[in-house]
Each structure stands twice: as structure tokens, then as C-alpha cells.
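Colleague: Structure in C-alpha cells, see below.
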Amino acid sequence: MGKITIKNMTLGDGIPKICVPIIGRTDAEVLEQSEAIAKEAERLIRSGVRTAPCVDIVEFRADYYDNICNQKILTDLLKTLKEQHPDRLLLFTFRTEEEGGELRHDRAGSMLDDIFAWAMVSGYIDLLDVELLSGNYRVVRTATKARDLGIGVVLSYHNFEETPHTKDLEEMLWDMEQLGGDILKIAVTPKTQFDAERILELTEQIQKEKIRQQISKPVVLISMTKLGEKTRTQGAKLGSAFTFGVVGGASAPGQIPLEDLAAALR
């Protein structure tokens, strides 16, 4: 499995990175959560829970944000977030309803290409999440523009109903790589403990290059809910590029409080 370096951070190098989401609706809520993340990370370092940075990536979940359709307001907010987290990567995510995102008004969905473009040209984001199922044309076009601007693409797939067959997941990862993803992310829902174990096993097999179609990009494989908790901790040890912790509200089922996650990864 390969590595990618974004700014001064290398993903896929065997050191699990921690990503924390921001899910505020207003500017005040977003900035309050952002400040809370920074303070909690500093507290955990002072308390000795983790010597490395406790937060490597901050994810702005734009599908929650009320002013997402205003370019100037959005750009100003991204600027402030980057100023609050100068040494962390800023991941911009607009999660659609079909893949677990917040309910948005019709205008936001119809303007998604514009919203992506605004985020990329702002100069303040380091990573952009693009959903695999948004269509090959959009994926390739967006990935190409992001690459030209020095932005890494997290190509993602989310399934809140089941865990597809392992071979189907392998094929999906291969498609993601061919379409230009820099980091390949799959998050699925286990119905049994066996489903969660399959995700751990697949992560390990990719790391050891023992799957039929070799994957050369960093991967993030997550089994959601309580059943999949091991994939958020042990999965990183097996090669997953980053994992998600929370300070305050979670953006997906099974995300672990930052303090617990930092301790588990220590």
C-alpha cells in the first residue's frame, strides 16, 4: 500500500492519523466546535495521553452548514478554520443524503460542483472528499482539478445498510484508484461481528499485498457502529491511513471520543 504526502503530513506511512469532524450549522457553532477540538488536543498532550499530535486532520462537514451556498461566507469560514488549525490538514466534505449526510435544501445539492470549486479555489483546504457513486465524470473532473491545485482527494463510499461482499469491496477500491483517488475510504455497516472482522482482514490483506488487484494508495476501511469499533483502532495498526475520533457530536455511528481513541492508538 502506498503513501501520499499532503503539505507536511504523510498518510499511509503506518502511523495512524486522527481525524475529528466539525458538524456545526452556523458560523458560531462551527468555530465553537473548532476551538473545542484544538483545546482538547492540547489538553490530551499535556496530560500525556499521547505525545504525537492528538488531531492530525479536521473535517469540515459542509452538508451541515447553513451558509454552504454563499461563496464569500464559505471562503471566510474556511480561512478562519485554517487559521485555527495551521498545522493540521483541513478536509472538506459534503456528504449526500444517500450516504448518510444531513438533509439539505435542493439548492445545495444542485450546486455541489460549484461548492466543490469554491472550496478548492479558496486555498484553505488540503483534502476534498468525493463520493464514488457521484459518477465517474464528476469524480475524474474533480480529482483532476484538485490535483492541479495540490489538494488530495479522499474518494469515498458509505453504506448504512450492510457490508458488501469482500470481493465487491476489493473491486470498489480498485475503481477508486483508477478514477484518481489519493486516499480510498470505505465505511460500511456490519450486521454481525463477522462483517466487522472481514473489514479488518481486508485491511490487513491490502497491507500485505495479498489481494488479487493490488492497491497502491492509502486506504481507510471502517466498519461502523459498536460492532466495528476495532476497525477504528486496530484497523489503523493494520494499515488504515486515518481514523475518526470525536469532540462533541459524532458524524457517523460508532465514532470514538478523541481521548479514548488517542489512548487506544498510543
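Just remember, in the C-alpha cells the first chain shown is A, the second B, etc., residues are 1-based per chain, and ligands are 1-based in the order shown.
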Show me, as a PyMOL selection string, the residues that have an atom within 6 Å of segment 148-164 of chain A when counting only C-alpha atoms, minus same-chain residues fewer than 4 positions from it.
Modeller: chain A and resi 99+126-132+181-190
Colleague: Run DSSP on the backbone and tell me which residues of segment 63-262 of chain A come out as helix (DSSP H, G or I); list them as JSON, numbers by chain.
Modeller: {"A": [63, 64, 71, 72, 73, 74, 75, 76, 77, 78, 79, 80, 81, 82, 83, 84, 97, 98, 99, 106, 107, 108, 109, 110, 112, 113, 114, 115, 116, 117, 118, 119, 120, 121, 132, 133, 134, 136, 137, 138, 139, 140, 141, 142, 143, 144, 145, 146, 147, 148, 166, 167, 168, 169, 170, 171, 172, 173, 174, 175, 176, 177, 178, 193, 194, 195, 196, 197, 198, 199, 200, 201, 202, 203, 204, 205, 206, 207, 226, 227, 228, 229, 230, 231, 232, 233, 234, 235, 236, 237, 258, 259, 260, 261, 262]}
Colleague: So which residues touch Asp87 of chain A within 9 Å, counting only C-alpha atoms, skipping near sequence neighbours fewer than 4 positions away, as number ranges by chain?
Modeller: A: 8, 56, 82
Colleague: If you keep all heavy atoms, can you produce a file of those selected residues as a PDB file, in the first residue's frame?
Modeller:
ATOM      1  N   ASN A   8       2.846  18.938   4.985  1.00  0.00           N
ATOM      2  CA  ASN A   8       3.956  18.305   5.706  1.00  0.00           C
ATOM      3  C   ASN A   8       3.542  16.986   6.359  1.00  0.00           C
ATOM      4  O   ASN A   8       4.234  16.491   7.246  1.00  0.00           O
ATOM      5  CB  ASN A   8       4.482  19.258   6.786  1.00  0.00           C
ATOM      6  CG  ASN A   8       3.416  19.617   7.812  1.00  0.00           C
ATOM      7  OD1 ASN A   8       2.234  19.406   7.562  1.00  0.00           O
ATOM      8  ND2 ASN A   8       3.813  20.150   8.946  1.00  0.00           N
ATOM      9  N   ASP A  56      -4.763  15.223  13.773  1.00  0.00           N
ATOM     10  CA  ASP A  56      -3.960  15.479  12.579  1.00  0.00           C
ATOM     11  C   ASP A  56      -4.769  16.125  11.471  1.00  0.00           C
ATOM     12  O   ASP A  56      -4.243  16.892  10.661  1.00  0.00           O
ATOM     13  CB  ASP A  56      -3.380  14.158  12.050  1.00  0.00           C
ATOM     14  CG  ASP A  56      -2.563  13.434  13.104  1.00  0.00           C
ATOM     15  OD1 ASP A  56      -1.437  13.858  13.357  1.00  0.00           O
ATOM     16  OD2 ASP A  56      -3.088  12.458  13.679  1.00  0.00           O
ATOM     17  N   LYS A  82      -8.709  27.347   8.935  1.00  0.00           N
ATOM     18  CA  LYS A  82      -7.302  27.070   8.652  1.00  0.00           C
ATOM     19  C   LYS A  82      -6.394  27.854   9.588  1.00  0.00           C
ATOM     20  O   LYS A  82      -5.345  27.348  10.027  1.00  0.00           O
ATOM     21  CB  LYS A  82      -6.981  27.403   7.193  1.00  0.00           C
ATOM     22  CG  LYS A  82      -5.645  26.832   6.736  1.00  0.00           C
ATOM     23  CD  LYS A  82      -5.609  25.316   6.876  1.00  0.00           C
ATOM     24  CE  LYS A  82      -4.271  24.737   6.470  1.00  0.00           C
ATOM     25  NZ  LYS A  82      -4.193  23.289   6.719  1.00  0.00           N
TER      26      LYS A  82
END
Colleague: Can you pull out every residue within 10 Å of Ile23 of chain A, counting only C-alpha atoms, but drop anything in the same chain fewer than 3 positions away, and send it as a PyMOL selection string?
Modeller: chain A and resi 20+26+29-30+33-34+59-65+102+248-251
Colleague: Output N, CA, C and O atoms for every residue in the selection just made, as a compact mmCIF listing (two decimals), in the first residue's frame.
Modeller:
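Result went into part.txt, see below:
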# COMPACT_ATOMS: atom_id res chain seq x y z
N VAL A 20 -10.93 14.54 13.17
CA VAL A 20 -12.08 14.90 14.01
C VAL A 20 -13.03 15.77 13.19
O VAL A 20 -12.60 16.77 12.60
N THR A 26 -24.18 26.81 12.07
CA THR A 26 -23.91 28.24 11.94
C THR A 26 -22.42 28.49 12.08
O THR A 26 -21.67 27.62 12.55
N GLU A 29 -21.43 28.02 15.69
CA GLU A 29 -21.33 26.61 16.09
C GLU A 29 -20.07 25.97 15.53
O GLU A 29 -19.37 25.23 16.22
N VAL A 30 -19.77 26.25 14.25
CA VAL A 30 -18.58 25.67 13.62
C VAL A 30 -17.32 26.11 14.35
O VAL A 30 -16.44 25.30 14.68
N GLN A 33 -16.99 24.59 17.86
CA GLN A 33 -16.51 23.20 17.80
C GLN A 33 -15.03 23.15 17.42
O GLN A 33 -14.27 22.34 17.97
N SER A 34 -14.63 23.99 16.50
CA SER A 34 -13.23 24.04 16.08
C SER A 34 -12.31 24.38 17.25
O SER A 34 -11.27 23.75 17.45
N GLU A 59 -12.06 17.66 9.86
CA GLU A 59 -13.00 17.52 8.76
C GLU A 59 -14.15 18.50 8.94
O GLU A 59 -14.87 18.47 9.94
N PHE A 60 -14.34 19.38 7.96
CA PHE A 60 -15.48 20.29 7.95
C PHE A 60 -16.61 19.63 7.18
O PHE A 60 -16.52 19.47 5.96
N ARG A 61 -17.66 19.22 7.88
CA ARG A 61 -18.81 18.58 7.25
C ARG A 61 -19.75 19.67 6.71
O ARG A 61 -20.64 20.14 7.40
N ALA A 62 -19.52 20.03 5.47
CA ALA A 62 -20.22 21.15 4.87
C ALA A 62 -21.70 20.88 4.66
O ALA A 62 -22.49 21.83 4.49
N ASP A 63 -22.12 19.61 4.67
CA ASP A 63 -23.54 19.31 4.49
C ASP A 63 -24.39 19.75 5.68
O ASP A 63 -25.61 19.86 5.57
N TYR A 64 -23.74 20.03 6.82
CA TYR A 64 -24.46 20.54 7.98
C TYR A 64 -24.60 22.07 7.94
O TYR A 64 -25.47 22.63 8.59
N TYR A 65 -23.75 22.73 7.18
CA TYR A 65 -23.56 24.17 7.29
C TYR A 65 -24.65 24.96 6.56
O TYR A 65 -24.89 24.73 5.36
N GLU A 102 -26.46 15.08 6.03
CA GLU A 102 -27.57 15.82 6.58
C GLU A 102 -28.58 16.18 5.48
O GLU A 102 -28.22 16.37 4.33
N GLY A 248 -17.35 16.16 21.10
CA GLY A 248 -18.73 16.61 20.96
C GLY A 248 -19.52 15.63 20.12
O GLY A 248 -19.45 14.42 20.32
N GLY A 249 -20.23 16.14 19.11
CA GLY A 249 -21.13 15.31 18.31
C GLY A 249 -20.40 14.47 17.27
O GLY A 249 -19.41 14.90 16.69
N ALA A 250 -20.93 13.27 17.04
CA ALA A 250 -20.36 12.37 16.04
C ALA A 250 -21.02 12.60 14.68
O ALA A 250 -22.16 13.02 14.60
N SER A 251 -20.28 12.29 13.62
CA SER A 251 -20.82 12.42 12.27
C SER A 251 -21.15 11.08 11.65
O SER A 251 -21.66 11.02 10.54
Colleague: For Arg141 of chain A, list every protein, DNA or RNA residue within 10 Å, evaluated using only C-alpha atoms, and leave out those in the same chain fewer than 4 positions away; present the list as a list in words.
Modeller: Asp113, Asn136, Tyr137, Lys145, Ala146, Leu179 and Gly180 of chain A
Colleague: Write out, as a PDB file, in the first residue's frame, the residues just selected, with N, CA and C atoms.
Modeller:
ATOM      1  N   ASP A 113     -21.214  20.939  -7.568  1.00  0.00           N
ATOM      2  CA  ASP A 113     -19.991  21.186  -8.337  1.00  0.00           C
ATOM      3  C   ASP A 113     -19.429  22.571  -8.041  1.00  0.00           C
ATOM      4  N   ASN A 136     -18.648   8.736 -12.468  1.00  0.00           N
ATOM      5  CA  ASN A 136     -17.254   8.757 -12.912  1.00  0.00           C
ATOM      6  C   ASN A 136     -16.830  10.110 -13.472  1.00  0.00           C
ATOM      7  N   TYR A 137     -17.726  10.762 -14.210  1.00  0.00           N
ATOM      8  CA  TYR A 137     -17.365  12.045 -14.817  1.00  0.00           C
ATOM      9  C   TYR A 137     -17.045  13.078 -13.747  1.00  0.00           C
ATOM     10  N   LYS A 145      -8.940  18.517 -11.094  1.00  0.00           N
ATOM     11  CA  LYS A 145      -8.809  19.902 -10.653  1.00  0.00           C
ATOM     12  C   LYS A 145      -8.129  19.979  -9.287  1.00  0.00           C
ATOM     13  N   ALA A 146      -8.500  19.064  -8.397  1.00  0.00           N
ATOM     14  CA  ALA A 146      -7.882  19.056  -7.072  1.00  0.00           C
ATOM     15  C   ALA A 146      -6.385  18.807  -7.178  1.00  0.00           C
ATOM     16  N   LEU A 179      -9.822   5.879 -10.794  1.00  0.00           N
ATOM     17  CA  LEU A 179     -10.514   7.134 -11.046  1.00  0.00           C
ATOM     18  C   LEU A 179      -9.780   8.348 -10.466  1.00  0.00           C
ATOM     19  N   GLY A 180      -8.667   8.111  -9.771  1.00  0.00           N
ATOM     20  CA  GLY A 180      -7.853   9.230  -9.321  1.00  0.00           C
ATOM     21  C   GLY A 180      -7.894   9.538  -7.847  1.00  0.00           C
TER      22      GLY A 180
END
Colleague: Per DSSP on the backbone, filter segment 103-229 of chain A down to the residues in strand (DSSP E) and report them as an NGL selection string.
Modeller: :A and (127-131 or 152-159 or 183-188 or 219-223)
Colleague: Hey, can you check how far atom CA of Glu35 of chain A sits from atom CA of Ile22 of chain A?
Modeller: 10.3 Å
Colleague: Would you tabulate, counting only C-alpha atoms, all residues of segment 9-59 of chain A that have an atom at most 12 Å from an atom of segment 193-215 of chain A, showing the closest pair of atoms and their distance in Å to one decimal, sorted by chain then ascending number, as JSON lines?
Modeller:
{"residue": "A:Gly12", "atom": "CA", "partner": "A:Gln207", "partner_atom": "CA", "distance": 9.8}
{"residue": "A:Asp13", "atom": "CA", "partner": "A:Gln207", "partner_atom": "CA", "distance": 10.9}
{"residue": "A:Gly14", "atom": "CA", "partner": "A:Gln207", "partner_atom": "CA", "distance": 9.6}
Colleague: Residues near Asn70 of chain A, anyone? I mean within 12 Å using only C-alpha atoms, not counting same-chain ones fewer than 6 positions away, as a PyMOL selection string.
Modeller: chain A and resi 62+76-77+107-108+111+114-115+118-119
Colleague: With C-alpha atoms retained, write the just-selected residues as a JSON list (two decimals), in the first residue's frame.
Modeller:
[["chain", "number", "residue", "atom", "x", "y", "z"],
["A", 62, "ALA", "CA", -20.22, 21.15, 4.87],
["A", 76, "ASP", "CA", -14.23, 33.36, 5.04],
["A", 77, "LEU", "CA", -15.16, 30.45, 7.30],
["A", 107, "ARG", "CA", -30.26, 24.28, -3.91],
["A", 108, "ALA", "CA", -27.22, 22.84, -2.14],
["A", 111, "MET", "CA", -24.83, 23.41, -6.62],
["A", 114, "ASP", "CA", -19.88, 24.91, -7.59],
["A", 115, "ILE", "CA", -19.43, 24.25, -3.88],
["A", 118, "TRP", "CA", -15.33, 27.27, -4.25],
["A", 119, "ALA", "CA", -13.70, 25.11, -1.58]]
Colleague: Could you list, as a list in words, every residue within 8 Å of segment 45-54 of chain A, counting only C-alpha atoms and ignoring same-chain residues fewer than 2 positions away?
Modeller: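 Near neighbours after the sequence-gap exclusion: Ile18, Ala41, Glu42, Arg43, Asp56, Leu258, Glu259, Ala262, Ala263 and Arg266 of chain A.
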Colleague: Please write the residues from the selection above to a file, keeping all heavy atoms, as a PDB file, in the first residue's frame.
Modeller:
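To be explicit, this is the file written out as result_18.pdb:
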ATOM      1  N   ILE A  18      -5.341  10.883  13.125  1.00  0.00           N
ATOM      2  CA  ILE A  18      -6.650  11.040  13.743  1.00  0.00           C
ATOM      3  C   ILE A  18      -7.363  12.224  13.110  1.00  0.00           C
ATOM      4  O   ILE A  18      -6.826  13.325  13.047  1.00  0.00           O
ATOM      5  CB  ILE A  18      -6.537  11.242  15.267  1.00  0.00           C
ATOM      6  CG1 ILE A  18      -5.930   9.996  15.922  1.00  0.00           C
ATOM      7  CG2 ILE A  18      -7.907  11.540  15.868  1.00  0.00           C
ATOM      8  CD1 ILE A  18      -5.721  10.126  17.415  1.00  0.00           C
ATOM      9  N   ALA A  41      -7.243  18.704  22.132  1.00  0.00           N
ATOM     10  CA  ALA A  41      -5.979  18.130  21.672  1.00  0.00           C
ATOM     11  C   ALA A  41      -4.824  18.601  22.547  1.00  0.00           C
ATOM     12  O   ALA A  41      -3.955  17.808  22.933  1.00  0.00           O
ATOM     13  CB  ALA A  41      -5.733  18.512  20.214  1.00  0.00           C
ATOM     14  N   GLU A  42      -4.805  19.883  22.876  1.00  0.00           N
ATOM     15  CA  GLU A  42      -3.751  20.424  23.735  1.00  0.00           C
ATOM     16  C   GLU A  42      -3.814  19.799  25.125  1.00  0.00           C
ATOM     17  O   GLU A  42      -2.786  19.462  25.726  1.00  0.00           O
ATOM     18  CB  GLU A  42      -3.893  21.938  23.832  1.00  0.00           C
ATOM     19  CG  GLU A  42      -3.602  22.675  22.523  1.00  0.00           C
ATOM     20  CD  GLU A  42      -3.944  24.144  22.604  1.00  0.00           C
ATOM     21  OE1 GLU A  42      -4.360  24.595  23.712  1.00  0.00           O
ATOM     22  OE2 GLU A  42      -3.812  24.838  21.583  1.00  0.00           O
ATOM     23  N   ARG A  43      -5.037  19.626  25.653  1.00  0.00           N
ATOM     24  CA  ARG A  43      -5.195  19.032  26.990  1.00  0.00           C
ATOM     25  C   ARG A  43      -4.665  17.604  27.020  1.00  0.00           C
ATOM     26  O   ARG A  43      -3.977  17.205  27.985  1.00  0.00           O
ATOM     27  CB  ARG A  43      -6.671  19.049  27.394  1.00  0.00           C
ATOM     28  CG  ARG A  43      -6.923  18.513  28.815  1.00  0.00           C
ATOM     29  CD  ARG A  43      -8.399  18.372  29.106  1.00  0.00           C
ATOM     30  NE  ARG A  43      -8.997  17.258  28.383  1.00  0.00           N
ATOM     31  CZ  ARG A  43      -8.926  15.988  28.789  1.00  0.00           C
ATOM     32  NH1 ARG A  43      -8.241  15.665  29.877  1.00  0.00           N
ATOM     33  NH2 ARG A  43      -9.525  15.038  28.097  1.00  0.00           N
ATOM     34  N   ASP A  56      -4.763  15.223  13.773  1.00  0.00           N
ATOM     35  CA  ASP A  56      -3.960  15.479  12.579  1.00  0.00           C
ATOM     36  C   ASP A  56      -4.769  16.125  11.471  1.00  0.00           C
ATOM     37  O   ASP A  56      -4.243  16.892  10.661  1.00  0.00           O
ATOM     38  CB  ASP A  56      -3.380  14.158  12.050  1.00  0.00           C
ATOM     39  CG  ASP A  56      -2.563  13.434  13.104  1.00  0.00           C
ATOM     40  OD1 ASP A  56      -1.437  13.858  13.357  1.00  0.00           O
ATOM     41  OD2 ASP A  56      -3.088  12.458  13.679  1.00  0.00           O
ATOM     42  N   LEU A 258     -12.361  11.399  21.309  1.00  0.00           N
ATOM     43  CA  LEU A 258     -10.956  11.625  20.990  1.00  0.00           C
ATOM     44  C   LEU A 258     -10.028  11.087  22.069  1.00  0.00           C
ATOM     45  O   LEU A 258      -9.008  10.460  21.761  1.00  0.00           O
ATOM     46  CB  LEU A 258     -10.710  13.121  20.778  1.00  0.00           C
ATOM     47  CG  LEU A 258      -9.266  13.525  20.500  1.00  0.00           C
ATOM     48  CD1 LEU A 258      -8.722  12.852  19.249  1.00  0.00           C
ATOM     49  CD2 LEU A 258      -9.165  15.044  20.392  1.00  0.00           C
ATOM     50  N   GLU A 259     -10.336  11.327  23.334  1.00  0.00           N
ATOM     51  CA  GLU A 259      -9.454  10.865  24.405  1.00  0.00           C
ATOM     52  C   GLU A 259      -9.294   9.342  24.386  1.00  0.00           C
ATOM     53  O   GLU A 259      -8.179   8.825  24.519  1.00  0.00           O
ATOM     54  CB  GLU A 259      -9.973  11.313  25.766  1.00  0.00           C
ATOM     55  CG  GLU A 259      -9.080  10.896  26.913  1.00  0.00           C
ATOM     56  CD  GLU A 259      -9.455  11.534  28.233  1.00  0.00           C
ATOM     57  OE1 GLU A 259     -10.497  12.200  28.306  1.00  0.00           O
ATOM     58  OE2 GLU A 259      -8.679  11.379  29.209  1.00  0.00           O
ATOM     59  N   ALA A 262      -7.238   8.331  21.211  1.00  0.00           N
ATOM     60  CA  ALA A 262      -5.821   8.653  21.346  1.00  0.00           C
ATOM     61  C   ALA A 262      -5.123   7.671  22.273  1.00  0.00           C
ATOM     62  O   ALA A 262      -3.992   7.227  22.017  1.00  0.00           O
ATOM     63  CB  ALA A 262      -5.663  10.078  21.866  1.00  0.00           C
ATOM     64  N   ALA A 263      -5.808   7.296  23.354  1.00  0.00           N
ATOM     65  CA  ALA A 263      -5.233   6.326  24.287  1.00  0.00           C
ATOM     66  C   ALA A 263      -5.092   4.945  23.622  1.00  0.00           C
ATOM     67  O   ALA A 263      -4.085   4.255  23.805  1.00  0.00           O
ATOM     68  CB  ALA A 263      -6.088   6.234  25.537  1.00  0.00           C
ATOM     69  N   ARG A 266      -2.140   4.829  21.258  1.00  0.00           N
ATOM     70  CA  ARG A 266      -0.834   5.152  21.853  1.00  0.00           C
ATOM     71  C   ARG A 266       0.123   3.997  21.771  1.00  0.00           C
ATOM     72  O   ARG A 266       1.281   4.162  21.510  1.00  0.00           O
ATOM     73  CB  ARG A 266      -1.038   5.601  23.287  1.00  0.00           C
ATOM     74  CG  ARG A 266       0.259   6.010  24.005  1.00  0.00           C
ATOM     75  CD  ARG A 266      -0.061   6.617  25.352  1.00  0.00           C
ATOM     76  NE  ARG A 266      -0.890   5.701  26.148  1.00  0.00           N
ATOM     77  CZ  ARG A 266      -1.354   6.013  27.341  1.00  0.00           C
ATOM     78  NH1 ARG A 266      -1.149   7.206  27.855  1.00  0.00           N
ATOM     79  NH2 ARG A 266      -2.097   5.148  28.019  1.00  0.00           N
TER      80      ARG A 266
END
